[in-house]
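Visitor: The structure that follows is given in the form of structure tokens.
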Amino acid sequence: MPYSRWTDCPPRAPINKVEAVYGSFDHLMLLLARVADFAVRDRGRKLKVMAMNGGQWRPSTTNPSGPPSTAGSSPRNAPQSISVSTNTGFANAPAGPPGQPPQMPAFFGMAPSFGTASMPAPYQGDHRSSQSSSASGEAIEDLDQALNVATKEWDDIWSALHTFHSMLGSRFQPLSAEHQQPLATPFGPALFYRSYDVSGLWAIYNMTMMVAVRSKPSMPPHAHAAAGVAAGDTRLYALEVGRIAAGLLPPMEGEPISPLLGAAFCEVCVPLFFAGVQYREPAQREWVVNRLTEIEQRCGYVNAGTIASGCQTAWDKAYRAGRGPPYVKQYRAMEQDERLNGKWQELGMNGPGNDDDPNDRRNVRTQPAARLHWAMGIIGTEEDE
């Protein structure tokens, strides 16, 4: 629903009440939704700027910065401003002519952009016509003015994120060595908190900061490209996520995981994905894959394994494009999921599908049954199984 309706259900408790961390978390969810809402509405402007540049993204000559950032619980190590880092490049973008920015890769979302499939009738009407935003396809007459408006809104969001951080008191800060034995990790010293829900709060906060930086008005419109461009500016937040995840210590092999710890493990998976795709150090990458695989096996959370595979795909593609350190994706031959056992990478989308297998994803171009099958995987519910 529109973000303006979210506050109809207010947070369940005030910020900084450690006995009710869910209240602080509710406020954080509103901030995360605010970032996402802004990113969607500003995308139309970014796409029009790209179109005026011949379909290529170019670094903005104006580079507004928000208030001093405070990455997670280590503000003394945080950068004093946020800038555009252009030396990291796009993970999947082909190199352009010398002296010019890389050409933006084709972006098709989650469905093929070719073929003769028609849009289902319920989706043909524009139910968002009453909303005034750049995402609705309205023409943007004055791009300079639109940039100023977007920049002002982003600065307000960045300030709100900074204010949220400053309101979390001492009971939300990491435990000192007096209360928890230090633990070295590939990301720096592990961060331990008084409760698992506080750890989850900080993981989501740092993820929100990464999403906010990647959504700046000066960033590319496509999220995967913005992640590469912004990697230098989001580095500290990504490291904080790793330190927080490392502070969630699993019990010894063979010992059960408590429901609270299991929930914390599941909660940190998505922040690990947003952070993990930009990790470049081999030790950090290995740790992420091992931890996510362990969460999948010990918590029964299948998405953790999928996230590990997604991180590996990002690293592998960045290497193949010449924009990242060497990495060869590791597949699990016994898995049925083609994304995890490597079969899908061998087949690709360009070859002919197996007509005897209605679930073959290559048939989404030609067979309605295949399109229905994979669409149900996205929008289906348990009752549809």
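Chain labels A, B, ... are given in the sequence in which chains occur in the structure tokens; within each chain residues are numbered consecutively from 1, and ligands are likewise numbered from 1 in the order shown.
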List the spatial neighbours of A:Ser215 as number ranges by chain - criterion: any atom at most 12 Å away, only C-alpha atoms, same-chain residues fewer than 5 positions off excluded.

Guide: A: 32, 34-43, 46, 84, 150-151, 153-155, 157-158, 208-210, 220-227, 229-230, 234

Visitor: Would you give me, as a PyMOL selection string, the residues in stretch 162-316 of chain A that DSSP reads as alpha helix (DSSP H)?

Guide: chain A and resi 162-167+196-214+223-229+231-246+259-276+282-299+302-316

Visitor: Have a look at A:Leu372, A:Pro217, A:Trp287, A:Ile379 and name the one nearest to A:Arg58; count only C-alpha atoms.

Guide: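 Under the stated criterion, the closest residue is A:Pro217.
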
Visitor: If we count only C-alpha atoms, what is near A:Cys9 at a cut-off of 12 Å, once residues fewer than 5 positions away on the same chain are taken out, given as a list in words?

Guide: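 Result of the neighbour search: Tyr3, Ser4, Asp26, His27, Met29 and Leu30 of chain A.
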
Visitor: Kindly give the distance, in Å, that separates atom CA of A:Leu191 and atom CA of A:Ile307, rounded to a single decimal.

Guide: 22.2 Å

Visitor: Write out as a list in words each polymer residue whose atoms come within 9 Å of stretch 251-264 of chain A, counting only C-alpha atoms; drop sequence neighbours fewer than 2 positions from it.

Guide: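 Skipping anything fewer than 2 positions along the chain leaves Tyr196, Asp197, Ser199, Gly200, Ala245, Leu248, Leu249, Cys266, Glu267, Val268, Cys269, Ile295, Arg298 and Cys299 of chain A.
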
Visitor: Could you take the residues named above and write them with C-alpha atoms, as a PDB file, in the first residue's frame?

Guide:
ATOM      1  CA  TYR A 196      19.557 -11.188  19.957  1.00  0.00           C
ATOM      2  CA  ASP A 197      16.837  -8.725  18.976  1.00  0.00           C
ATOM      3  CA  SER A 199      21.708  -7.535  17.223  1.00  0.00           C
ATOM      4  CA  GLY A 200      18.996  -7.909  14.597  1.00  0.00           C
ATOM      5  CA  ALA A 245      26.443 -11.705  12.271  1.00  0.00           C
ATOM      6  CA  LEU A 248      25.668 -14.568  16.856  1.00  0.00           C
ATOM      7  CA  LEU A 249      27.543 -17.664  17.941  1.00  0.00           C
ATOM      8  CA  CYS A 266      17.201 -15.958   9.969  1.00  0.00           C
ATOM      9  CA  GLU A 267      16.890 -12.216  10.622  1.00  0.00           C
ATOM     10  CA  VAL A 268      20.506 -11.524   9.675  1.00  0.00           C
ATOM     11  CA  CYS A 269      20.392 -13.405   6.358  1.00  0.00           C
ATOM     12  CA  ILE A 295      21.913 -21.489   8.959  1.00  0.00           C
ATOM     13  CA  ARG A 298      20.601 -26.141  11.215  1.00  0.00           C
ATOM     14  CA  CYS A 299      17.574 -23.835  11.088  1.00  0.00           C
TER      15      CYS A 299
END

Visitor: Using atom CA of A:Leu236 and atom CA of A:Gln284 as the two end points, give the distance in Å to one decimal.

Guide: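 Spanning atom CA of A:Leu236 to atom CA of A:Gln284 is a straight-line distance of 13.5 Å.
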
Visitor: For A:Glu281, which of A:Leu161, A:Ile15, A:Leu47, A:Leu239 is the closest residue, counting only C-alpha atoms?

Guide: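 Checking each of A:Leu161, A:Ile15, A:Leu47, A:Leu239 against A:Glu281, counting only C-alpha atoms, the winner is A:Leu239.
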
Visitor: How many Å lie between atom CA of A:Gly324 and atom CA of A:Asp233, rounded to one decimal?

Guide: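 Result for atom CA of A:Gly324 versus atom CA of A:Asp233: 16.7 Å, one decimal.
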